[in-house]
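For reference, upload.cif (mmCIF, C-alpha atoms):
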data_input
#
loop_
_atom_site.label_atom_id
_atom_site.label_comp_id
_atom_site.auth_asym_id
_atom_site.auth_seq_id
_atom_site.Cartn_x
_atom_site.Cartn_y
_atom_site.Cartn_z
CA MET A 1 -15.60 -4.89 22.26
CA ALA A 2 -17.27 -4.41 25.62
CA CYS A 3 -14.97 -6.25 27.93
CA ILE A 4 -15.98 -4.05 30.86
CA LEU A 5 -17.47 -5.43 34.02
CA ASN A 6 -21.19 -5.07 34.32
CA ASN A 7 -20.99 -2.88 37.38
CA PRO A 8 -18.56 -0.05 37.22
CA SER A 9 -17.60 2.25 39.98
CA SER A 10 -15.98 5.60 39.87
CA ASN A 11 -13.22 4.19 42.05
CA LEU A 12 -10.62 2.21 40.19
CA THR A 13 -9.73 -0.08 43.08
CA SER A 14 -13.25 -1.33 43.60
CA LEU A 15 -13.46 -1.91 39.87
CA LEU A 16 -10.58 -4.29 40.04
CA SER A 17 -11.64 -6.24 43.14
CA LEU A 18 -13.32 -9.51 42.35
CA GLU A 19 -16.10 -9.17 44.93
CA TYR A 20 -17.98 -6.62 42.96
CA LYS A 21 -19.29 -8.79 40.22
CA LEU A 22 -22.86 -9.75 41.00
CA LEU A 23 -22.15 -13.45 40.68
CA ASN A 24 -19.50 -13.24 43.39
CA VAL A 25 -21.56 -11.29 45.91
CA LYS A 26 -22.82 -13.42 48.78
CA LEU A 27 -26.48 -13.28 49.63
CA GLN A 28 -26.04 -11.40 52.88
CA GLN A 29 -23.91 -8.77 51.22
CA LEU A 30 -26.57 -8.13 48.61
CA PRO A 31 -28.21 -5.09 50.21
CA ALA A 32 -24.79 -3.55 50.75
CA TRP A 33 -23.95 -4.22 47.16
CA ILE A 34 -27.17 -2.66 45.95
CA MET A 35 -26.52 0.40 48.07
CA LYS A 36 -23.07 0.82 46.56
CA ARG A 37 -24.43 1.25 43.03
CA ASP A 38 -25.24 4.76 41.94
CA PHE A 39 -28.65 4.86 40.34
CA SER A 40 -28.43 8.06 38.36
CA PRO A 41 -30.26 7.87 34.99
CA SER A 42 -27.07 8.11 32.98
CA GLU A 43 -25.63 5.21 34.95
CA ILE A 44 -28.76 3.16 34.34
CA VAL A 45 -28.59 3.87 30.61
CA LYS A 46 -24.95 2.93 30.63
CA ALA A 47 -25.78 -0.29 32.45
CA PHE A 48 -28.31 -1.16 29.76
CA HIS A 49 -25.77 -0.41 27.10
CA ARG A 50 -23.21 -2.58 28.81
CA GLY A 51 -25.64 -5.44 29.11
CA HIS A 52 -26.55 -5.10 25.45
CA ASP A 53 -22.90 -5.07 24.44
CA ALA A 54 -22.11 -8.07 26.64
CA TYR A 55 -24.96 -10.11 25.19
CA PHE A 56 -24.05 -9.19 21.64
CA ASP A 57 -20.37 -9.94 22.17
CA LYS A 58 -21.17 -13.33 23.60
CA TYR A 59 -23.88 -14.61 21.29
CA ILE A 60 -24.16 -12.54 18.13
CA ASP A 61 -20.83 -10.96 17.15
CA VAL A 62 -19.21 -14.32 16.45
CA LYS A 63 -18.15 -16.06 13.30
CA LYS A 64 -20.37 -19.10 13.67
CA GLY A 65 -23.37 -18.11 15.72
CA GLY A 66 -26.24 -20.41 16.42
CA ILE A 67 -29.96 -20.04 16.82
CA GLY A 68 -29.56 -19.51 20.58
CA GLY A 69 -28.58 -15.87 20.27
CA VAL A 70 -31.82 -14.86 18.60
CA SER A 71 -34.14 -17.39 20.18
CA MET A 72 -33.26 -16.37 23.72
CA VAL A 73 -34.30 -12.84 22.93
CA LEU A 74 -37.55 -14.06 21.38
CA ALA A 75 -38.27 -16.33 24.33
CA ALA A 76 -37.70 -13.45 26.73
CA TYR A 77 -40.04 -11.31 24.66
CA ILE A 78 -42.71 -14.01 24.76
CA LEU A 79 -42.39 -14.33 28.50
CA LEU A 80 -42.53 -10.58 28.94
CA ASN A 81 -45.72 -10.37 26.88
CA TYR A 82 -47.22 -13.23 28.82
CA CYS A 83 -46.51 -11.42 32.05
CA VAL A 84 -48.12 -8.28 30.67
CA ILE A 85 -51.24 -10.07 29.49
CA TYR A 86 -51.57 -12.36 32.53
CA LYS A 87 -53.98 -10.00 34.18
CA GLU A 88 -56.59 -10.56 31.48
CA LEU A 89 -55.78 -14.23 31.16
CA LYS A 90 -56.61 -14.81 34.80
CA HIS A 91 -60.30 -14.60 33.93
CA GLU A 92 -60.03 -17.49 31.52
CA ARG A 93 -58.95 -19.86 34.20
CA ARG A 94 -61.37 -22.63 34.94
CA MET B 1 11.98 24.35 11.46
CA PHE B 2 11.11 27.11 13.85
CA PHE B 3 8.11 29.30 14.04
CA VAL B 4 9.31 32.83 14.20
CA LEU B 5 6.48 34.90 15.55
CA PRO B 6 6.38 38.47 16.78
CA PRO B 7 6.74 38.85 20.56
CA PRO B 8 3.41 38.97 22.40
CA PRO B 9 2.20 42.11 24.10
CA HIS B 10 1.15 42.07 27.76
CA PRO B 11 -2.55 41.30 28.02
CA SER B 12 -4.47 42.15 31.16
CA ALA B 13 -5.17 39.47 33.75
CA PRO B 14 -8.98 39.04 33.35
CA ALA B 15 -8.63 38.62 29.60
CA SER B 16 -6.07 35.89 30.08
CA VAL B 17 -8.23 34.01 32.58
CA LEU B 18 -11.24 34.27 30.28
CA LEU B 19 -9.23 33.02 27.36
CA SER B 20 -7.88 30.08 29.32
CA ARG B 21 -11.40 29.19 30.45
CA GLN B 22 -12.66 29.38 26.91
CA LEU B 23 -9.86 27.20 25.73
CA GLY B 24 -10.92 24.71 28.39
CA LEU B 25 -7.50 24.49 29.88
CA GLU B 26 -8.70 24.10 33.43
CA THR B 27 -7.46 20.61 34.08
CA GLU B 28 -4.43 20.44 31.85
CA GLY B 29 -3.21 23.99 32.03
CA ALA B 30 -3.68 24.28 35.76
CA GLU B 31 0.00 24.29 36.44
CA ILE B 32 0.54 26.66 33.58
CA GLY B 33 -2.17 28.93 34.94
CA ARG B 34 -0.13 29.42 38.03
CA VAL B 35 2.70 30.94 36.02
CA GLY B 36 2.57 34.73 35.38
CA LYS B 37 -0.05 36.79 33.66
CA ALA B 38 1.07 37.08 30.08
CA PHE B 39 0.54 33.46 29.12
CA ALA B 40 -2.74 33.61 27.23
CA LEU B 41 -1.27 34.76 23.96
CA PRO B 42 1.69 32.40 24.12
CA LEU B 43 -0.82 29.65 24.88
CA SER B 44 -2.94 30.54 21.89
CA ARG B 45 0.22 30.75 19.91
CA GLY B 46 1.11 27.37 21.31
CA LEU B 47 -2.28 26.06 20.24
CA LEU B 48 -1.84 27.51 16.80
CA SER B 49 1.61 26.09 16.55
CA ALA B 50 0.36 22.74 17.83
CA ILE B 51 -2.34 22.71 15.17
CA LEU B 52 0.10 23.75 12.49
CA VAL B 53 2.66 21.26 13.69
CA ARG B 54 0.15 18.46 13.58
CA ARG B 55 -0.78 19.49 10.06
CA LEU B 56 2.81 19.88 9.01
CA ALA B 57 3.75 16.61 10.70
CA ARG B 58 2.61 14.91 7.55
CA PHE B 59 5.41 16.47 5.54
CA PRO B 60 8.46 14.29 5.16
CA ARG B 61 10.94 16.91 6.13
CA TRP B 62 9.95 16.26 9.69
CA GLY B 63 11.02 12.70 9.19
CA HIS B 64 7.72 11.34 10.53
CA ARG B 65 4.93 9.70 8.66
CA ASP B 66 2.19 9.75 11.25
CA ALA B 67 0.83 12.24 13.68
CA GLU B 68 1.45 10.04 16.71
CA ALA B 69 5.18 9.92 16.15
CA ALA B 70 5.12 13.65 15.50
CA GLU B 71 3.23 14.09 18.74
CA ARG B 72 5.75 12.07 20.64
CA THR B 73 8.71 14.04 19.33
CA LEU B 74 6.67 17.16 19.88
CA ALA B 75 6.18 16.19 23.47
CA GLN B 76 9.89 15.61 23.78
CA HIS B 77 10.87 18.90 22.29
CA ALA B 78 7.92 20.95 23.47
CA VAL B 79 8.59 23.99 25.62
CA PRO B 80 5.93 24.86 28.20
CA ALA B 81 4.32 28.16 27.50
CA GLY B 82 5.19 29.57 30.89
CA ALA B 83 8.86 28.98 30.36
CA ALA B 84 8.69 30.60 26.96
CA ARG B 85 7.65 33.83 28.53
CA GLY B 86 11.09 35.26 28.41
CA GLN B 87 11.88 33.91 24.98
CA ARG B 88 11.35 36.08 22.00
CA ARG B 89 11.95 33.46 19.38
CA GLY B 90 9.00 31.10 18.94
CA VAL B 91 10.29 27.60 19.58
CA LEU B 92 7.72 24.85 19.21
CA GLN B 93 5.21 25.36 21.97
CA ALA B 94 2.98 22.34 22.22
CA THR B 95 1.30 22.71 25.55
CA ARG B 96 -1.79 20.75 24.73
CA ILE B 97 -2.11 17.41 23.08
CA PHE B 98 -5.64 17.10 21.79
CA HIS B 99 -6.42 13.42 21.91
CA THR B 100 -5.92 12.26 25.46
CA ALA B 101 -7.13 8.69 25.00
CA SER B 102 -4.54 6.21 23.84
CA PRO B 103 -4.74 5.81 20.10
CA HIS B 104 -5.73 2.41 18.80
CA LEU B 105 -2.65 1.58 16.87
CA ALA B 106 -3.30 -2.13 16.49
CA PRO B 107 -6.05 -3.55 14.29
CA LEU B 108 -9.20 -4.69 16.04
CA PRO B 109 -9.04 -8.21 17.49
CA PRO B 110 -10.81 -10.78 15.31
CA LEU B 111 -14.27 -12.07 16.14
CA PRO B 112 -14.42 -15.19 18.30
CA GLU B 113 -15.07 -18.39 16.44
CA HIS B 114 -18.08 -19.67 18.34
CA GLY B 115 -20.49 -17.89 20.63
CA GLY B 116 -21.57 -18.87 24.06
CA LYS B 117 -23.04 -22.35 24.11
CA VAL B 118 -26.80 -22.59 24.37
CA ARG B 119 -28.62 -25.81 25.05
CA HIS B 120 -31.86 -26.56 23.22
CA GLY B 121 -31.62 -23.11 21.67
CA LEU B 122 -32.99 -21.47 24.80
CA ILE B 123 -30.93 -22.02 27.92
CA PRO B 124 -27.28 -21.00 28.22
CA GLU B 125 -24.86 -23.74 29.09
CA GLU B 126 -23.69 -21.84 32.16
CA PHE B 127 -26.97 -22.69 33.88
CA PHE B 128 -26.37 -26.40 33.48
CA GLU B 129 -22.80 -26.03 34.69
CA PHE B 130 -24.04 -23.98 37.61
CA MET B 131 -26.36 -26.79 38.72
CA TYR B 132 -24.08 -29.70 37.91
CA PRO B 133 -22.14 -29.88 41.22
CA LYS B 134 -25.26 -30.13 43.31
CA THR B 135 -27.78 -31.96 41.14
CA GLY B 136 -25.78 -33.70 38.45
CA VAL B 137 -26.76 -33.95 34.82
CA THR B 138 -30.52 -34.32 35.21
CA GLY B 139 -30.93 -31.48 37.69
CA PRO B 140 -31.94 -28.70 35.34
CA TYR B 141 -34.30 -31.01 33.44
CA VAL B 142 -36.01 -32.06 36.65
CA LEU B 143 -36.22 -28.40 37.61
CA GLY B 144 -37.72 -27.58 34.24
CA THR B 145 -40.28 -30.39 34.46
CA GLY B 146 -41.20 -29.40 37.98
CA LEU B 147 -41.59 -25.77 37.02
CA ILE B 148 -43.77 -26.64 34.02
CA LEU B 149 -46.01 -28.88 36.11
CA TYR B 150 -46.21 -26.23 38.80
CA PHE B 151 -47.21 -23.54 36.36
CA LEU B 152 -49.78 -25.77 34.78
CA SER B 153 -51.30 -27.03 37.98
CA LYS B 154 -51.46 -23.65 39.65
CA GLU B 155 -52.65 -22.13 36.38
CA ILE B 156 -49.97 -19.59 36.39
CA TYR B 157 -49.77 -20.60 32.77
CA VAL B 158 -53.35 -20.67 31.48
CA ILE B 159 -54.19 -23.07 28.68
CA THR B 160 -56.20 -21.19 26.10
CA ALA B 161 -56.79 -21.47 22.38
CA ASP B 162 -53.53 -19.63 21.92
CA THR B 163 -51.72 -22.52 23.54
CA PHE B 164 -52.44 -24.82 20.62
CA ALA B 165 -51.60 -22.11 18.12
CA ALA B 166 -48.33 -21.51 19.97
CA MET B 167 -47.54 -25.22 20.10
CA SER B 168 -48.15 -25.59 16.37
CA THR B 169 -46.10 -22.54 15.56
CA LEU B 170 -43.25 -23.61 17.78
CA GLY B 171 -43.33 -27.09 16.35
CA LEU B 172 -43.18 -25.74 12.85
CA LEU B 173 -40.32 -23.39 13.73
CA ILE B 174 -38.36 -26.18 15.38
CA TYR B 175 -38.89 -28.41 12.35
CA ILE B 176 -37.72 -25.68 9.98
CA VAL B 177 -34.65 -24.90 12.06
CA LYS B 178 -33.72 -28.54 12.37
CA LYS B 179 -34.14 -29.18 8.68
CA TYR B 180 -32.63 -26.06 7.10
CA GLY B 181 -30.41 -24.72 9.84
CA ALA B 182 -27.23 -26.28 8.58
CA SER B 183 -27.67 -25.10 4.99
CA VAL B 184 -28.51 -21.56 6.04
CA ALA B 185 -25.43 -21.54 8.26
CA ALA B 186 -23.30 -22.78 5.38
CA PHE B 187 -24.70 -20.07 3.12
CA ALA B 188 -23.98 -17.39 5.68
CA ASP B 189 -20.48 -18.75 6.19
CA LYS B 190 -19.87 -18.67 2.48
CA LEU B 191 -21.06 -15.05 2.30
CA ARG B 192 -18.76 -14.10 5.09
CA GLU B 193 -15.82 -15.88 3.54
CA ASP B 194 -16.45 -14.19 0.21
CA GLN B 195 -16.36 -10.82 1.91
CA MET B 196 -13.19 -11.72 3.75
CA ALA B 197 -11.62 -12.98 0.54
CA GLU B 198 -12.51 -9.71 -1.19
CA ALA B 199 -10.99 -7.65 1.57
CA GLU B 200 -7.95 -9.89 1.65
CA ALA B 201 -7.60 -9.60 -2.12
CA LEU B 202 -7.73 -5.82 -1.86
CA LYS B 203 -5.10 -5.89 0.80
CA GLN B 204 -2.92 -8.23 -1.21
CA ALA B 205 -3.35 -6.12 -4.31
CA SER B 206 -2.35 -3.03 -2.41
CA ILE B 207 0.62 -4.82 -0.91
CA LYS B 208 1.61 -6.10 -4.34
CA ASN B 209 1.36 -2.64 -5.83
CA ILE B 210 3.52 -1.19 -3.16
CA GLN B 211 5.97 -4.06 -3.45
CA ASP B 212 6.17 -3.51 -7.20
CA ALA B 213 6.79 0.16 -6.61
CA ILE B 214 9.53 -0.73 -4.15
CA ASP B 215 11.14 -3.12 -6.61
CA LEU B 216 10.98 -0.57 -9.39
CA GLU B 217 12.56 1.99 -7.13
CA LYS B 218 15.30 -0.45 -6.19
CA LYS B 219 15.95 -1.25 -9.84
CA GLN B 220 16.19 2.39 -10.68
CA GLN B 221 18.53 2.93 -7.80
CA ALA B 222 20.65 0.07 -9.09
CA LEU B 223 20.60 1.63 -12.53
CA VAL B 224 21.94 4.84 -11.13
CA ALA B 225 25.06 3.00 -10.13
CA LYS B 226 25.51 1.84 -13.71
CA ARG B 227 25.04 5.14 -15.44
CA HIS B 228 28.74 5.42 -16.16
CA TYR B 229 28.10 2.95 -18.95
CA LEU B 230 26.09 5.58 -20.75
CA PHE B 231 28.94 8.02 -20.64
CA ASP B 232 31.43 5.37 -21.69
CA VAL B 233 29.32 4.52 -24.69
CA GLN B 234 29.04 8.15 -25.64
CA ARG B 235 32.75 8.64 -25.31
CA ASN B 236 33.38 5.60 -27.45
CA ASN B 237 31.00 6.85 -30.10
CA ILE B 238 32.64 10.21 -30.22
CA ALA B 239 36.07 8.65 -30.45
CA MET B 240 34.95 6.47 -33.31
CA THR B 241 33.48 9.36 -35.26
CA LEU B 242 36.65 11.31 -34.78
CA GLU B 243 38.61 8.35 -36.02
CA VAL B 244 36.33 8.04 -39.02
CA PHE B 245 36.80 11.72 -39.89
CA TYR B 246 40.53 11.36 -39.54
CA ARG B 247 40.62 8.39 -41.84
CA GLU B 248 38.41 10.07 -44.40
CA ARG B 249 40.69 13.03 -44.52
CA LEU B 250 43.73 10.82 -44.68
CA HIS B 251 42.30 9.03 -47.68
CA LYS B 252 41.46 12.31 -49.29
CA VAL B 253 45.00 13.50 -48.82
CA TYR B 254 46.29 10.31 -50.34
CA THR B 255 44.10 10.60 -53.41
CA GLU B 256 44.96 14.22 -53.95
CA VAL B 257 48.67 13.58 -53.70
CA LYS B 258 48.37 10.60 -56.01
CA ASN B 259 46.47 12.72 -58.47
CA ARG B 260 49.20 15.27 -58.61
CA LEU B 261 51.96 12.72 -58.93
CA ASP B 262 50.05 10.93 -61.69
CA TYR B 263 49.73 14.20 -63.49
CA HIS B 264 53.45 14.75 -63.46
CA ILE B 265 54.15 11.22 -64.64
CA ALA B 266 51.61 11.52 -67.43
CA LYS B 267 53.12 14.73 -68.50
CA GLN B 268 56.61 13.22 -68.61
CA ASN B 269 55.41 10.24 -70.61
CA MET B 270 53.66 12.40 -73.06
CA MET B 271 56.71 14.56 -73.58
CA ARG B 272 58.90 11.55 -74.18
CA ARG B 273 56.46 10.05 -76.67
CA LYS B 274 56.20 13.28 -78.53
CA GLU B 275 59.94 13.58 -78.69
CA GLN B 276 60.28 10.01 -79.97
CA GLU B 277 57.66 10.47 -82.64
CA HIS B 278 59.09 13.71 -83.73
CA MET B 279 62.56 12.25 -83.97
CA ILE B 280 61.36 9.25 -85.96
CA THR B 281 59.50 11.34 -88.47
CA TRP B 282 62.43 13.68 -88.81
CA VAL B 283 64.86 10.81 -89.42
CA GLU B 284 62.51 9.18 -91.90
CA SER B 285 62.03 12.34 -93.80
CA HIS B 286 65.73 12.93 -94.00
CA VAL B 287 66.44 9.40 -95.16
CA VAL B 288 63.78 9.59 -97.79
CA LYS B 289 65.17 12.92 -98.96
CA SER B 290 68.67 11.54 -99.11
CA ILE B 291 67.79 8.77 -101.50
CA SER B 292 68.48 10.28 -105.07
CA ALA B 293 66.91 9.09 -108.33
CA GLN B 294 70.11 7.34 -109.51
CA GLN B 295 70.52 5.33 -106.39
CA GLU B 296 66.95 4.36 -106.59
CA LYS B 297 67.37 2.88 -110.12
CA GLU B 298 70.45 0.97 -109.09
CA THR B 299 68.90 -0.52 -106.07
CA ILE B 300 65.84 -1.58 -107.99
CA ALA B 301 68.01 -3.36 -110.72
CA LYS B 302 69.97 -5.13 -108.01
CA CYS B 303 66.84 -6.25 -106.34
CA ILE B 304 65.52 -7.67 -109.59
CA SER B 305 68.71 -9.62 -110.28
CA ASP B 306 68.72 -10.97 -106.75
CA LEU B 307 65.20 -12.09 -107.15
CA LYS B 308 66.03 -13.91 -110.42
CA LEU B 309 68.86 -15.76 -108.72
CA LEU B 310 66.64 -16.76 -105.88
CA ALA B 311 63.99 -17.99 -108.33
CA LYS B 312 66.57 -20.16 -110.11
CA LYS B 313 67.74 -21.61 -106.79
CA ALA B 314 64.28 -22.40 -105.79
CA GLN B 315 63.54 -24.13 -109.10
CA ALA B 316 66.72 -26.18 -108.84
CA GLN B 317 65.86 -27.20 -105.31
CA SER B 318 62.40 -28.26 -106.26
CA GLN B 319 63.70 -30.29 -109.19
CA SER B 320 66.26 -32.06 -107.02
CA VAL B 321 63.52 -33.01 -104.54
CA LEU B 322 61.31 -34.42 -107.28
#

Can you give me the file's structure in the form of structure tokens?
Amino acid sequence: MACILNNPSSNLTSLLSLEYKLLNVKLQQLPAWIMKRDFSPSEIVKAFHRGHDAYFDKYIDVKKGGIGGVSMVLAAYILLNYCVIYKELKHERR
Amino acid sequence: MFFVLPPPPHPSAPASVLLSRQLGLETEGAEIGRVGKAFALPLSRGLLSAILVRRLARFPRWGHRDAEAAERTLAQHAVPAGAARGQRRGVLQATRIFHTASPHLAPLPPLPEHGGKVRHGLIPEEFFEFMYPKTGVTGPYVLGTGLILYFLSKEIYVITADTFAAMSTLGLLIYIVKKYGASVAAFADKLREDQMAEAEALKQASIKNIQDAIDLEKKQQALVAKRHYLFDVQRNNIAMTLEVFYRERLHKVYTEVKNRLDYHIAKQNMMRRKEQEHMITWVESHVVKSISAQQEKETIAKCISDLKLLAKKAQAQSQSVL
């Protein structure tokens, strides 16, 4: 079970402080928060893995799941494809 | 149980450092590395002993059934390799525990019952709760409508032929989900419950087997306490057979003695009978011899006259009756 915060730090104290979840960061502190993250490739991969685990734990690894778990992924895929193909679609505007 | 190993020779310093590097003991053996030079071989010996101890920890003579408990007692009784430098006798030297993460001794927590709530199959409930304090219940819907109108009017979303295809497809999907969603969910639930029931049955069967084994063992232990009955029965049997033999022999003695006594009695009787018979015949023969011819005639004449008298008496009596 991935009950780890979505933004780890190498320091244990900052891991435990509540400010360092993204939802708790105030808007003005956002650049500071972004600077604090380390953007090495392994950390980025780990972040993706954590996000994947969090989503799965919340919506898919349950006893009675609903359609929402799958349909949100499909909707996001549709949106992503629309964004990709928007450039060609612009010409079909009237 | 001690490992008795031969005392290590003194290796040179570079070899020991190389060995410790190879064994990867930088972080854990740092304090040990500070102790003298001749620690590499005791360390490898400690490793070997640690491996062997972990393997042997499964044997019941240690009194432990799992490696973790063996590790714990090992950690309690372990002697650091540096301190064992002066010791010749190889006491357990566990200087390195291999698995540093805490072992997961408990079973995994069960899956949650329901997932995160999602409204209309697309938007997580947290979004609605996020907007509720400021905009109330209709806020997100107004936002959605506004966004849709904005995208349409600014042609950020372009209406093409695909739009109608998408609308038809989505409509069909929504219809299918609404109609058959519940039955598919019930089917999936039933599958899951069947699997759980199977696993549970396996577990219960295993528990029952072990419980039966425990009960059998207890019964046999209880029987051990009653085994004196066996010996009592055997003793009784032996006593009875001895008694039977004794009585047989007693009876035999009786019959033999009776036989002999009967023989003597029979012999006495026979002798007496023989004597009697012999005497009788002897007396008879003598009497017969003693009767002479003259006496015989006289007795016969007397007998005849007596008979005549008797005949006359009888006649007279019969006549008087008539």

Per residue of chain B within 12 Å of chain A, note the shortest atom pair and the distance in Å to one decimal, counting all atoms listed in the file, and order the rows by chain and increasing residue number, as a tab-separated table.
residue	atom	partner	partner_atom	distance
B:Leu108	CA	A:Met1	CA	8.9
B:Pro109	CA	A:Met1	CA	8.8
B:Pro110	CA	A:Val62	CA	9.2
B:Leu111	CA	A:Val62	CA	5.4
B:Pro112	CA	A:Val62	CA	5.2
B:Glu113	CA	A:Lys63	CA	5.0
B:His114	CA	A:Lys64	CA	5.2
B:Gly115	CA	A:Tyr59	CA	4.8
B:Gly116	CA	A:Lys58	CA	5.6
B:Lys117	CA	A:Gly68	CA	7.9
B:Val118	CA	A:Gly68	CA	5.6
B:Arg119	CA	A:Gly68	CA	7.8
B:His120	CA	A:Gly68	CA	7.9
B:Gly121	CA	A:Gly68	CA	4.3
B:Leu122	CA	A:Met72	CA	5.2
B:Ile123	CA	A:Met72	CA	7.4
B:Pro124	CA	A:Gly68	CA	8.1
B:Glu125	CA	A:Gly68	CA	10.6
B:Phe130	CA	A:Leu23	CA	11.1
B:Leu152	CA	A:Arg93	CA	10.9
B:Ser153	CA	A:Arg93	CA	11.1
B:Lys154	CA	A:Arg93	CA	10.0
B:Glu155	CA	A:Arg93	CA	7.0
B:Ile156	CA	A:Lys90	CA	8.3
B:Tyr157	CA	A:Tyr86	CA	8.4
B:Val158	CA	A:Arg93	CA	6.3
B:Ile159	CA	A:Arg93	CA	8.0
B:Thr160	CA	A:Glu92	CA	7.6
B:Ala161	CA	A:Glu92	CA	10.5
B:Asp162	CA	A:Leu89	CA	10.9
B:Thr163	CA	A:Tyr82	CA	11.6
B:Ala166	CA	A:Ile78	CA	10.5
B:Leu170	CA	A:Ala75	CA	11.0
B:Leu173	CA	A:Ser71	CA	10.8
B:Ile174	CA	A:Ile67	CA	10.5
B:Ile176	CA	A:Ile67	CA	11.8
B:Val177	CA	A:Ile67	CA	8.3
B:Lys178	CA	A:Ile67	CA	10.3
B:Tyr180	CA	A:Ile67	CA	11.7
B:Gly181	CA	A:Ile67	CA	8.4
B:Ala182	CA	A:Gly66	CA	9.8
B:Val184	CA	A:Gly66	CA	10.7
B:Ala185	CA	A:Lys64	CA	7.8
B:Ala186	CA	A:Lys64	CA	9.5
B:Phe187	CA	A:Lys64	CA	11.4
B:Ala188	CA	A:Lys64	CA	8.9
B:Asp189	CA	A:Lys64	CA	7.5
B:Lys190	CA	A:Lys64	CA	11.2
B:Leu191	CA	A:Lys63	CA	11.4
B:Arg192	CA	A:Lys63	CA	8.5
B:Glu193	CA	A:Lys63	CA	10.0
B:Met196	CA	A:Lys63	CA	11.6

Any idea what the distance is between CA of Arg227 (chain B) and CA of Asp215 (chain B)?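 Atom-to-atom, CA of Arg227 (chain B) to CA of Asp215 (chain B), that is 18.4 Å.
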
In Å and to one decimal, CA of Val287 (chain B) is distant from CA of Ile300 (chain B) by 16.9 Å

Point-to-point distance from CA of Thr145 (chain B) to CA of Leu22 (chain A), Å rounded to tenths: 27.8 Å
